[in-house]
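Shown here: target-v1.cif, mmCIF, C-alpha atoms.
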```cif
data_protein
#
loop_
_atom_site.group_PDB
_atom_site.id
_atom_site.type_symbol
_atom_site.label_atom_id
_atom_site.label_comp_id
_atom_site.auth_asym_id
_atom_site.auth_seq_id
_atom_site.Cartn_x
_atom_site.Cartn_y
_atom_site.Cartn_z
ATOM 1 C CA MET A 233 249.408 -110.802 185.385
ATOM 2 C CA ALA A 234 250.736 -113.093 188.100
ATOM 3 C CA ASN A 235 249.195 -116.535 188.360
ATOM 4 C CA ILE A 236 248.111 -115.884 191.938
ATOM 5 C CA GLU A 237 246.188 -112.761 190.864
ATOM 6 C CA GLU A 238 244.577 -114.614 187.968
ATOM 7 C CA GLN A 239 243.450 -117.375 190.323
ATOM 8 C CA GLU A 240 241.952 -114.764 192.658
ATOM 9 C CA LEU A 241 239.919 -113.267 189.804
ATOM 10 C CA LYS A 242 238.705 -116.728 188.786
ATOM 11 C CA ASP A 243 237.696 -117.353 192.417
ATOM 12 C CA ARG A 244 235.681 -114.128 192.345
ATOM 13 C CA LEU A 245 233.791 -115.305 189.236
ATOM 14 C CA THR A 246 233.110 -118.699 190.840
ATOM 15 C CA LEU A 247 231.883 -116.931 193.996
ATOM 16 C CA ILE A 248 229.454 -114.786 191.972
ATOM 17 C CA GLU A 249 228.073 -117.820 190.114
ATOM 18 C CA SER A 250 227.649 -119.938 193.249
ATOM 19 C CA MET A 251 226.003 -117.122 195.250
ATOM 20 C CA ILE A 252 223.538 -116.256 192.466
ATOM 21 C CA ALA A 253 222.614 -119.958 192.232
ATOM 22 C CA GLU A 254 222.290 -120.180 196.039
ATOM 23 C CA GLY A 255 219.986 -117.150 196.095
ATOM 24 C CA ARG A 256 217.737 -118.562 193.404
ATOM 25 C CA ARG A 257 217.648 -122.018 194.959
ATOM 26 C CA THR A 258 214.334 -121.962 196.732
ATOM 27 C CA THR A 259 214.093 -123.734 200.061
ATOM 28 C CA GLU A 260 210.396 -123.054 200.351
ATOM 29 C CA SER A 261 208.328 -126.033 201.448
ATOM 30 C CA TRP A 262 204.972 -126.550 199.803
ATOM 31 C CA GLY A 263 204.483 -130.347 199.903
ATOM 32 C CA TRP A 264 202.567 -130.065 203.189
ATOM 33 C CA VAL A 265 200.004 -127.737 201.527
ATOM 34 C CA PHE A 266 199.024 -130.489 199.061
ATOM 35 C CA VAL A 267 198.630 -133.015 201.908
ATOM 36 C CA LEU A 268 196.637 -130.511 204.022
ATOM 37 C CA TRP A 269 194.225 -129.766 201.167
ATOM 38 C CA GLY A 270 193.933 -133.469 200.298
ATOM 39 C CA VAL A 271 192.867 -134.178 203.889
ATOM 40 C CA ALA A 272 190.534 -131.132 203.777
ATOM 41 C CA TYR A 273 188.811 -132.489 200.621
ATOM 42 C CA TYR A 274 188.303 -135.875 202.295
ATOM 43 C CA ILE A 275 186.868 -134.217 205.438
ATOM 44 C CA ALA A 276 184.519 -132.077 203.313
ATOM 45 C CA ILE A 277 183.348 -135.111 201.276
ATOM 46 C CA ALA A 278 182.757 -137.201 204.412
ATOM 47 C CA TRP A 279 180.969 -134.326 206.182
ATOM 48 C CA ALA A 280 178.806 -133.602 203.111
ATOM 49 C CA ASN A 281 177.769 -137.278 202.825
ATOM 50 C CA TRP A 282 177.081 -137.946 206.489
ATOM 51 C CA GLY A 283 176.403 -134.519 207.931
ATOM 52 C CA ARG A 284 175.343 -131.126 206.619
ATOM 53 C CA PRO A 285 176.180 -130.777 202.916
ATOM 54 C CA SER A 286 175.403 -127.033 202.797
ATOM 55 C CA LEU A 287 178.011 -126.277 205.468
ATOM 56 C CA ALA A 288 180.614 -128.974 204.809
ATOM 57 C CA TRP A 289 182.433 -127.531 201.780
ATOM 58 C CA PRO A 290 182.430 -123.791 202.609
ATOM 59 C CA VAL A 291 183.469 -124.329 206.252
ATOM 60 C CA THR A 292 186.195 -126.890 205.451
ATOM 61 C CA MET A 293 187.597 -124.742 202.624
ATOM 62 C CA ILE A 294 187.670 -121.582 204.782
ATOM 63 C CA VAL A 295 189.386 -123.439 207.662
ATOM 64 C CA ALA A 296 191.920 -124.981 205.241
ATOM 65 C CA SER A 297 192.593 -121.541 203.669
ATOM 66 C CA VAL A 298 193.177 -119.906 207.072
ATOM 67 C CA LEU A 299 195.459 -122.778 208.171
ATOM 68 C CA THR A 300 197.438 -122.549 204.896
ATOM 69 C CA GLY A 301 197.768 -118.774 205.224
ATOM 70 C CA VAL A 302 198.992 -118.872 208.833
ATOM 71 C CA LEU A 303 201.465 -121.748 208.321
ATOM 72 C CA ALA A 304 202.738 -120.304 205.013
ATOM 73 C CA SER A 305 203.334 -116.844 206.529
ATOM 74 C CA LEU A 306 205.354 -118.417 209.370
ATOM 75 C CA ASN A 307 207.445 -120.296 206.809
ATOM 76 C CA ALA A 308 207.743 -117.373 204.354
ATOM 77 C CA SER A 309 209.100 -114.948 206.972
ATOM 78 C CA ARG A 310 212.332 -116.973 207.066
ATOM 79 C CA GLN A 311 212.759 -117.177 203.292
ATOM 80 C CA PRO A 312 213.800 -114.529 200.774
ATOM 81 C CA GLY A 313 211.182 -113.379 198.282
ATOM 82 C CA THR A 314 211.766 -114.599 194.744
ATOM 83 C CA THR A 315 209.937 -113.830 191.499
ATOM 84 C CA VAL A 316 209.243 -117.540 190.956
ATOM 85 C CA GLY A 317 207.781 -117.843 194.463
ATOM 86 C CA ARG A 318 205.491 -114.865 193.853
ATOM 87 C CA ALA A 319 204.402 -116.226 190.447
ATOM 88 C CA LEU A 320 203.483 -119.596 191.977
ATOM 89 C CA MET A 321 201.644 -117.970 194.880
ATOM 90 C CA ALA A 322 199.681 -115.793 192.419
ATOM 91 C CA ILE A 323 198.546 -118.852 190.434
ATOM 92 C CA TRP A 324 197.342 -120.788 193.491
ATOM 93 C CA ILE A 325 195.656 -117.830 195.212
ATOM 94 C CA ALA A 326 193.837 -116.860 191.993
ATOM 95 C CA MET A 327 192.773 -120.474 191.467
ATOM 96 C CA GLY A 328 191.568 -120.796 195.081
ATOM 97 C CA VAL A 329 189.541 -117.579 195.067
ATOM 98 C CA THR A 330 187.995 -118.361 191.649
ATOM 99 C CA THR A 331 187.010 -121.897 192.672
ATOM 100 C CA PHE A 332 185.557 -120.741 196.009
ATOM 101 C CA CYS A 333 183.451 -117.941 194.456
ATOM 102 C CA LEU A 334 182.265 -120.134 191.576
ATOM 103 C CA MET A 335 181.323 -123.123 193.744
ATOM 104 C CA LEU A 336 179.605 -120.937 196.341
ATOM 105 C CA SER A 337 177.560 -119.132 193.664
ATOM 106 C CA LEU A 338 176.643 -122.403 191.916
ATOM 107 C CA GLY A 339 175.632 -123.877 195.285
ATOM 108 C CA ILE A 340 173.476 -120.913 196.312
ATOM 109 C CA THR A 341 171.678 -120.852 192.933
ATOM 110 C CA HIS A 342 171.121 -124.674 193.060
ATOM 111 C CA ARG A 343 173.061 -125.239 189.854
ATOM 112 C CA LEU A 344 175.644 -127.487 191.479
ATOM 113 C CA ASP A 345 175.620 -131.272 191.209
ATOM 114 C CA SER A 346 178.355 -133.831 191.837
ATOM 115 C CA HIS A 347 179.359 -133.957 188.130
ATOM 116 C CA ILE A 348 179.720 -130.183 187.812
ATOM 117 C CA SER A 349 181.522 -129.762 191.164
ATOM 118 C CA VAL A 350 184.129 -132.459 190.347
ATOM 119 C CA ALA A 351 184.563 -131.048 186.816
ATOM 120 C CA VAL A 352 185.135 -127.521 188.183
ATOM 121 C CA VAL A 353 187.640 -128.710 190.829
ATOM 122 C CA GLY A 354 189.396 -130.874 188.198
ATOM 123 C CA ALA A 355 189.622 -127.981 185.739
ATOM 124 C CA MET A 356 190.947 -125.529 188.327
ATOM 125 C CA LEU A 357 193.482 -127.896 189.870
ATOM 126 C CA GLY A 358 194.560 -129.110 186.420
ATOM 127 C CA THR A 359 195.216 -125.527 185.307
ATOM 128 C CA ALA A 360 197.094 -124.528 188.486
ATOM 129 C CA ASN A 361 199.209 -127.691 188.540
ATOM 130 C CA ALA A 362 200.040 -127.320 184.834
ATOM 131 C CA ALA A 363 201.071 -123.661 185.210
ATOM 132 C CA SER A 364 203.197 -124.466 188.301
ATOM 133 C CA SER A 365 204.840 -127.453 186.608
ATOM 134 C CA ILE A 366 205.800 -125.341 183.581
ATOM 135 C CA ILE A 367 207.348 -122.636 185.805
ATOM 136 C CA LEU A 368 209.201 -125.189 187.949
ATOM 137 C CA LYS A 369 209.958 -127.553 185.007
ATOM 138 C CA TRP A 370 208.608 -130.340 187.224
ATOM 139 C CA LYS A 371 207.320 -133.299 185.171
ATOM 140 C CA MET A 372 205.743 -135.043 188.174
ATOM 141 C CA GLN A 373 203.478 -132.041 188.788
ATOM 142 C CA PHE A 374 202.481 -132.014 185.130
ATOM 143 C CA VAL A 375 201.397 -135.655 185.576
ATOM 144 C CA CYS A 376 199.104 -134.374 188.376
ATOM 145 C CA ALA A 377 197.687 -131.780 185.971
ATOM 146 C CA VAL A 378 196.917 -134.540 183.456
ATOM 147 C CA VAL A 379 195.216 -136.613 186.191
ATOM 148 C CA TRP A 380 193.030 -133.594 187.160
ATOM 149 C CA TRP A 381 192.142 -132.867 183.512
ATOM 150 C CA THR A 382 191.208 -136.538 183.051
ATOM 151 C CA THR A 383 189.057 -136.318 186.199
ATOM 152 C CA MET A 384 187.354 -133.192 184.804
ATOM 153 C CA VAL A 385 186.428 -134.919 181.525
ATOM 154 C CA ALA A 386 185.483 -138.228 183.179
ATOM 155 C CA ALA A 387 183.191 -136.447 185.680
ATOM 156 C CA LEU A 388 180.991 -135.272 182.811
ATOM 157 C CA PHE A 389 180.774 -138.636 181.029
ATOM 158 C CA THR A 390 180.421 -141.173 183.839
ATOM 159 C CA SER A 391 177.842 -142.154 186.458
ATOM 160 C CA GLU A 392 177.647 -140.421 189.844
ATOM 161 C CA ASN A 393 179.258 -143.360 191.687
ATOM 162 C CA LEU A 394 182.110 -143.636 189.204
ATOM 163 C CA THR A 395 182.643 -139.846 189.331
ATOM 164 C CA ALA A 396 182.978 -140.090 193.120
ATOM 165 C CA ILE A 397 185.501 -142.940 192.860
ATOM 166 C CA ILE A 398 187.549 -141.053 190.231
ATOM 167 C CA PHE A 399 187.517 -137.882 192.372
ATOM 168 C CA LEU A 400 188.635 -139.722 195.533
ATOM 169 C CA THR A 401 191.423 -141.438 193.572
ATOM 170 C CA ALA A 402 192.594 -138.143 192.027
ATOM 171 C CA ILE A 403 192.715 -136.515 195.488
ATOM 172 C CA PHE A 404 194.739 -139.435 196.824
ATOM 173 C CA LEU A 405 197.234 -139.413 193.935
ATOM 174 C CA CYS A 406 197.580 -135.666 193.274
ATOM 175 C CA GLN A 407 197.255 -134.309 196.812
ATOM 176 C CA ILE A 408 198.323 -136.956 199.340
ATOM 177 C CA VAL A 409 200.881 -138.986 197.340
ATOM 178 C CA PHE A 410 202.227 -135.989 195.382
ATOM 179 C CA GLY A 411 202.370 -133.878 198.575
ATOM 180 C CA ILE A 412 204.383 -136.533 200.435
ATOM 181 C CA TYR A 413 206.647 -136.936 197.380
ATOM 182 C CA GLY A 414 207.135 -133.132 197.345
ATOM 183 C CA MET A 415 208.045 -133.140 201.052
ATOM 184 C CA VAL A 416 210.608 -135.913 200.488
ATOM 185 C CA CYS A 417 212.144 -133.946 197.555
ATOM 186 C CA GLU A 418 212.257 -130.734 199.658
ATOM 187 C CA SER A 419 213.894 -132.545 202.564
ATOM 188 C CA ARG A 420 216.577 -134.033 200.255
ATOM 189 C CA ARG A 421 217.188 -130.623 198.624
ATOM 190 C CA ASN A 422 217.513 -128.862 201.987
ATOM 191 C CA ARG A 423 219.971 -131.499 203.246
ATOM 192 C CA ALA A 424 222.068 -131.097 200.080
ATOM 193 C CA SER A 425 221.963 -127.297 200.459
ATOM 194 C CA GLU A 426 223.092 -127.514 204.106
ATOM 195 C CA ALA A 427 225.934 -129.833 203.113
ATOM 196 C CA ARG A 428 227.046 -127.374 200.397
ATOM 197 C CA GLN A 429 226.945 -124.465 202.845
ATOM 198 C CA GLY A 430 228.885 -126.474 205.437
ATOM 199 C CA ALA A 431 231.552 -127.226 202.831
ATOM 200 C CA SER A 432 231.782 -123.594 201.682
ATOM 201 C CA HIS A 433 232.025 -122.263 205.272
ATOM 202 C CA ALA A 434 234.691 -124.801 206.224
ATOM 203 C CA MET B 86 246.988 -102.329 173.378
ATOM 204 C CA PRO B 87 243.587 -101.625 174.997
ATOM 205 C CA GLU B 88 243.576 -100.291 178.567
ATOM 206 C CA LEU B 89 242.625 -102.842 181.200
ATOM 207 C CA PRO B 90 239.498 -101.998 183.247
ATOM 208 C CA GLU B 91 239.700 -101.257 186.962
ATOM 209 C CA LEU B 92 237.676 -103.347 189.367
ATOM 210 C CA ASN B 93 235.103 -101.497 191.496
ATOM 211 C CA PRO B 94 236.662 -101.503 195.020
ATOM 212 C CA VAL B 95 233.248 -101.397 196.738
ATOM 213 C CA ILE B 96 232.210 -104.659 195.096
ATOM 214 C CA HIS B 97 235.631 -106.332 195.052
ATOM 215 C CA GLY B 98 235.540 -107.217 198.780
ATOM 216 C CA LYS B 99 234.750 -110.930 198.994
ATOM 217 C CA LEU B 100 231.826 -110.646 201.439
ATOM 218 C CA ARG B 101 230.328 -107.598 199.677
ATOM 219 C CA LEU B 102 230.581 -109.439 196.347
ATOM 220 C CA ALA B 103 228.881 -112.508 197.856
ATOM 221 C CA LEU B 104 226.096 -110.316 199.284
ATOM 222 C CA LEU B 105 225.417 -108.494 196.023
ATOM 223 C CA SER B 106 225.431 -111.807 194.102
ATOM 224 C CA LEU B 107 222.994 -113.362 196.586
ATOM 225 C CA LEU B 108 220.664 -110.355 196.410
ATOM 226 C CA SER B 109 220.738 -110.359 192.604
ATOM 227 C CA GLY B 110 218.936 -113.747 192.623
ATOM 228 C CA VAL B 111 216.108 -112.754 194.979
ATOM 229 C CA GLU B 112 213.629 -109.868 195.286
ATOM 230 C CA GLU B 113 214.491 -109.195 198.926
ATOM 231 C CA ALA B 114 216.254 -111.029 201.723
ATOM 232 C CA GLU B 115 216.386 -110.937 205.497
ATOM 233 C CA PHE B 116 219.566 -110.192 207.454
ATOM 234 C CA THR B 117 219.438 -113.650 209.072
ATOM 235 C CA TRP B 118 219.165 -115.385 205.674
ATOM 236 C CA LEU B 119 222.180 -113.444 204.354
ATOM 237 C CA ARG B 120 224.122 -114.352 207.513
ATOM 238 C CA ALA B 121 223.278 -118.051 207.084
ATOM 239 C CA LYS B 122 224.248 -118.058 203.393
ATOM 240 C CA THR B 123 227.555 -116.230 203.889
ATOM 241 C CA GLY B 124 228.517 -117.716 207.263
ATOM 242 C CA SER B 125 229.540 -114.231 208.403
ATOM 243 C CA THR B 126 229.336 -112.695 211.882
ATOM 244 C CA ASP B 127 226.640 -110.125 212.706
ATOM 245 C CA GLY B 128 229.145 -107.269 213.095
ATOM 246 C CA ASN B 129 231.059 -107.887 209.890
ATOM 247 C CA LEU B 130 227.888 -108.513 207.893
ATOM 248 C CA GLY B 131 226.268 -105.318 209.207
ATOM 249 C CA ALA B 132 229.368 -103.260 208.347
ATOM 250 C CA GLN B 133 229.605 -104.629 204.787
ATOM 251 C CA LEU B 134 225.881 -104.175 204.174
ATOM 252 C CA LEU B 135 226.187 -100.573 205.360
ATOM 253 C CA LYS B 136 229.001 -99.931 202.847
ATOM 254 C CA LEU B 137 226.844 -101.313 200.042
ATOM 255 C CA GLU B 138 223.897 -99.235 201.223
ATOM 256 C CA GLU B 139 226.043 -96.072 201.332
ATOM 257 C CA ALA B 140 227.207 -96.787 197.779
ATOM 258 C CA GLY B 141 223.526 -96.923 196.741
ATOM 259 C CA TYR B 142 223.731 -100.588 195.739
ATOM 260 C CA LEU B 143 221.016 -101.754 198.087
ATOM 261 C CA THR B 144 218.146 -100.469 200.168
ATOM 262 C CA VAL B 145 217.178 -101.503 203.658
ATOM 263 C CA GLU B 146 213.740 -101.765 205.226
ATOM 264 C CA LYS B 147 213.198 -102.376 208.925
ATOM 265 C CA LYS B 148 209.845 -103.610 210.167
ATOM 266 C CA PHE B 149 208.184 -105.779 212.787
ATOM 267 C CA VAL B 150 206.608 -109.110 211.849
ATOM 268 C CA GLN B 151 204.709 -110.858 214.636
ATOM 269 C CA ARG B 152 206.400 -108.468 217.105
ATOM 270 C CA LYS B 153 209.871 -109.551 215.944
ATOM 271 C CA PRO B 154 212.201 -107.051 214.220
ATOM 272 C CA GLN B 155 212.933 -107.867 210.600
ATOM 273 C CA THR B 156 215.566 -106.196 208.403
ATOM 274 C CA LEU B 157 215.032 -106.654 204.683
ATOM 275 C CA TYR B 158 217.607 -105.854 201.990
ATOM 276 C CA ARG B 159 216.868 -105.214 198.316
ATOM 277 C CA MET B 160 219.322 -104.665 195.471
ATOM 278 C CA THR B 161 218.881 -101.364 193.631
ATOM 279 C CA GLU B 162 219.131 -100.828 189.877
ATOM 280 C CA THR B 163 222.473 -99.046 190.497
ATOM 281 C CA GLY B 164 223.684 -102.133 192.367
ATOM 282 C CA ARG B 165 222.596 -104.424 189.539
ATOM 283 C CA GLN B 166 224.397 -102.249 186.965
ATOM 284 C CA ALA B 167 227.534 -102.118 189.148
ATOM 285 C CA LEU B 168 227.580 -105.918 189.528
ATOM 286 C CA THR B 169 227.131 -106.382 185.756
ATOM 287 C CA ALA B 170 229.959 -103.914 185.059
ATOM 288 C CA TYR B 171 232.152 -105.694 187.640
ATOM 289 C CA VAL B 172 231.572 -109.104 186.006
ATOM 290 C CA GLN B 173 232.349 -107.666 182.568
ATOM 291 C CA ALA B 174 235.558 -106.074 183.881
ATOM 292 C CA LEU B 175 236.515 -109.346 185.570
ATOM 293 C CA LYS B 176 235.998 -111.297 182.340
ATOM 294 C CA GLN B 177 237.982 -108.707 180.393
ATOM 295 C CA LEU B 178 240.873 -108.940 182.858
ATOM 296 C CA LEU B 179 240.789 -112.734 182.782
ATOM 297 C CA GLY B 180 240.674 -112.659 178.980
ATOM 298 C CA ALA B 181 243.751 -110.408 178.927
ATOM 299 C CA ALA B 182 245.491 -112.753 181.379
ATOM 300 C CA ILE B 183 244.773 -115.786 179.192
ATOM 301 C CA GLU B 184 246.041 -113.947 176.064
ATOM 302 C CA ASN B 185 249.256 -112.987 177.883
#
```
How does this structure look as structure tokens?
Amino acid sequence: MANIEEQELKDRLTLIESMIAEGRRTTESWGWVFVLWGVAYYIAIAWANWGRPSLAWPVTMIVASVLTGVLASLNASRQPGTTVGRALMAIWIAMGVTTFCLMLSLGITHRLDSHISVAVVGAMLGTANAASSIILKWKMQFVCAVVWWTTMVAALFTSENLTAIIFLTAIFLCQIVFGIYGMVCESRRNRASEARQGASHA
Amino acid sequence: MPELPELNPVIHGKLRLALLSLLSGVEEAEFTWLRAKTGSTDGNLGAQLLKLEEAGYLTVEKKFVQRKPQTLYRMTETGRQALTAYVQALKQLLGAAIEN
């Protein structure tokens, strides 16, 4: 076989490898969702403390869910569907629905106090973050899972004031800081992807 | 001496090969995403996608999302098998070339 033909076949193999990798490389952006929900938790806490506690959490959570759904569908329509993307979405939707139904039922039946509510949120977010981090092999997200699990345990063993402080700190670290960190990572990854595409089209 | 395999001519085209490889990594993809990833023109991309569709290697679904037309492409099982067979044939040919 001529060298030129052999090189062409090797180029074909390289093309297959690079295109498969490009297809799997997700450009989905989810950092903003963490920040949005972090802000939503803070609004709900502030509203519950200084306004109407019975309305604060359900209304804020429903508004945040609708906002997430609308913004995510606008973003998702431009991206290809991947199995990993669907697996992650399944985890977070299941976690969200479970938490909402459980908290609402506990609230209506007057079984909810600050210790239980923080423990439930900590358990749910710890589980979802852990599952996501294992799928994505993302150590930083697993750190968030550990922080939420610690919050869950601490909420059941500490005073009400300390539980509140731990919860506010966990929201800040695992939603706001982690969300911004995720957005920075996504922006870097997208820039690198654009540079690669520019080089391959040149 | 074993007979060397023939490469599937439908897949061997560079753009068609790139499209099948891209679709093998995702569940479904939009026309615009495929165009961005391959850097191809609308006309050429449409023609190559049609050839792959006619060969039964992918399916197409046209729908409207928020009043905008959307064309989604999915790789079929036949397409996946054809790509696997193509890669195996390519490796076999390259192996024979290295031995020679």
Edge lengths and centre in Å, axis-aligned, region 165-180 of chain B plus 5 Å each side, as JSON:
```
{"center_x": 231.7, "center_y": -107.4, "center_z": 184.3, "size_x": 28.3, "size_y": 20.6, "size_z": 20.6}
```
Exercise answer, chain B residues close to chain A, 9 Å and all atoms listed in the file, as a compact mmCIF listing (two decimals) with C-alpha atoms, keeping the file's coordinate frame:
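Output contents, as saved in selection30.txt:
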```txt
# COMPACT_ATOMS: atom_id res chain seq x y z
CA HIS B 97 235.63 -106.33 195.05
CA LYS B 99 234.75 -110.93 198.99
CA LEU B 102 230.58 -109.44 196.35
CA ALA B 103 228.88 -112.51 197.86
CA LEU B 104 226.10 -110.32 199.28
CA LEU B 105 225.42 -108.49 196.02
CA SER B 106 225.43 -111.81 194.10
CA LEU B 107 222.99 -113.36 196.59
CA LEU B 108 220.66 -110.36 196.41
CA SER B 109 220.74 -110.36 192.60
CA GLY B 110 218.94 -113.75 192.62
CA VAL B 111 216.11 -112.75 194.98
CA GLU B 112 213.63 -109.87 195.29
CA GLU B 113 214.49 -109.20 198.93
CA ALA B 114 216.25 -111.03 201.72
CA GLU B 115 216.39 -110.94 205.50
CA THR B 117 219.44 -113.65 209.07
CA TRP B 118 219.16 -115.38 205.67
CA ALA B 121 223.28 -118.05 207.08
CA LYS B 122 224.25 -118.06 203.39
CA THR B 123 227.56 -116.23 203.89
CA GLY B 124 228.52 -117.72 207.26
CA SER B 125 229.54 -114.23 208.40
CA VAL B 150 206.61 -109.11 211.85
CA GLN B 155 212.93 -107.87 210.60
CA LEU B 157 215.03 -106.65 204.68
CA VAL B 172 231.57 -109.10 186.01
CA LEU B 175 236.52 -109.35 185.57
CA LYS B 176 236.00 -111.30 182.34
CA LEU B 178 240.87 -108.94 182.86
CA LEU B 179 240.79 -112.73 182.78
CA ALA B 181 243.75 -110.41 178.93
CA ALA B 182 245.49 -112.75 181.38
CA ILE B 183 244.77 -115.79 179.19
CA ASN B 185 249.26 -112.99 177.88
```
Could you expand the PyMOL selection byres ((chain A and resi 354) around 7) into the explicit residues it covers here, written as a ChimeraX atom specification? /A:350-353,355-358,380-381,383-384
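CA of Trp324 (chain A) is found 9.5 Å from CA of Ala363 (chain A).
With all atoms listed in the file as the atoms that count, the residue of A:Ser391, A:Thr359, A:Ser286, A:Ser419 with the shortest distance to Met327 (chain A) is A:Thr359.
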In terms of the shortest atom-to-atom distance over all atoms listed in the file, which of B:Leu100, B:Pro154, B:Ala170, B:Val145 is closest to Gln133 (chain B)?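 That would be B:Leu100, the residue with the smallest distance to Gln133 (chain B).
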d(CA of Ser349 (chain A), CA of Met335 (chain A)) in Å: 7.1 Å
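Comparing the minimum interatomic distances between Arg159 (chain B) and each of B:Asn129, B:Gln177, B:Asn93, B:Thr144, counting all atoms listed in the file, we find that B:Thr144 sits nearest.
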Rounded to one decimal place, report the CA of Thr246 (chain A)-CA of Leu92 (chain B) distance in Å. 16.1 Å
Shell around region 268-283 of chain A at 9 Å using all atoms listed in the file, local window under 2 positions removed, as a PyMOL selection string: chain A and resi 263-266+285-293+295-297+299-300+400+403-404+406-408+411
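Using all atoms listed in the file, the nearest neighbour of Ser346 (chain A) within the list A:Val302, A:Ala396, A:Met372, A:Ile323 is A:Ala396.
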List the residues selected by the PyMOL selection byres ((chain A and resi 362) around 9) in the file shown, writing them as a list of chain:residue names.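 Selection result, ordered by chain and number: A:Leu357, A:Gly358, A:Thr359, A:Ala360, A:Asn361, A:Ala363, A:Ser364, A:Ser365, A:Ile366, A:Ile367, A:Gln373, A:Phe374, A:Val375, A:Cys376, A:Ala377, A:Val378.
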Would you pull region 370-411 of chain A out of the block just shown and save C-alpha atoms as a short mmCIF file (atom, residue, chain, number, x, y, z; two decimals), in the first residue's frame?
```cif
data_model
loop_
_atom_site.label_atom_id
_atom_site.label_comp_id
_atom_site.auth_asym_id
_atom_site.auth_seq_id
_atom_site.Cartn_x
_atom_site.Cartn_y
_atom_site.Cartn_z
CA TRP A 370 -15.94 15.71 39.36
CA LYS A 371 -14.17 15.79 42.75
CA MET A 372 -15.24 19.37 43.53
CA GLN A 373 -18.91 18.36 43.33
CA PHE A 374 -18.25 15.42 45.62
CA VAL A 375 -16.84 17.91 48.15
CA CYS A 376 -20.24 19.68 47.94
CA ALA A 377 -21.97 16.35 48.64
CA VAL A 378 -19.81 15.90 51.75
CA VAL A 379 -20.65 19.45 52.90
CA TRP A 380 -24.41 18.72 52.49
CA TRP A 381 -24.13 15.38 54.32
CA THR A 382 -22.26 17.14 57.15
CA THR A 383 -25.02 19.77 57.25
CA MET A 384 -27.65 17.00 57.44
CA VAL A 385 -25.97 15.35 60.44
CA ALA A 386 -25.12 18.64 62.17
CA ALA A 387 -28.72 19.88 61.82
CA LEU A 388 -29.90 17.03 64.05
CA PHE A 389 -27.26 17.47 66.75
CA THR A 390 -26.92 21.24 67.14
CA SER A 391 -29.01 24.15 68.42
CA GLU A 392 -31.50 25.98 66.18
CA ASN A 393 -29.22 29.02 65.76
CA LEU A 394 -26.19 26.91 64.90
CA THR A 395 -28.28 24.84 62.45
CA ALA A 396 -29.30 28.07 60.70
CA ILE A 397 -25.68 29.26 60.47
CA ILE A 398 -24.52 25.87 59.11
CA PHE A 399 -27.35 25.86 56.53
CA LEU A 400 -26.59 29.40 55.33
CA THR A 401 -22.88 28.53 55.05
CA ALA A 402 -23.61 25.32 53.11
CA ILE A 403 -25.84 27.24 50.67
CA PHE A 404 -23.11 29.82 50.16
CA LEU A 405 -20.36 27.24 49.57
CA CYS A 406 -22.26 24.56 47.62
CA GLN A 407 -24.65 26.73 45.61
CA ILE A 408 -23.18 30.22 45.14
CA VAL A 409 -19.42 29.51 45.21
CA PHE A 410 -19.69 26.11 43.49
CA GLY A 411 -22.11 27.54 40.89
#
```
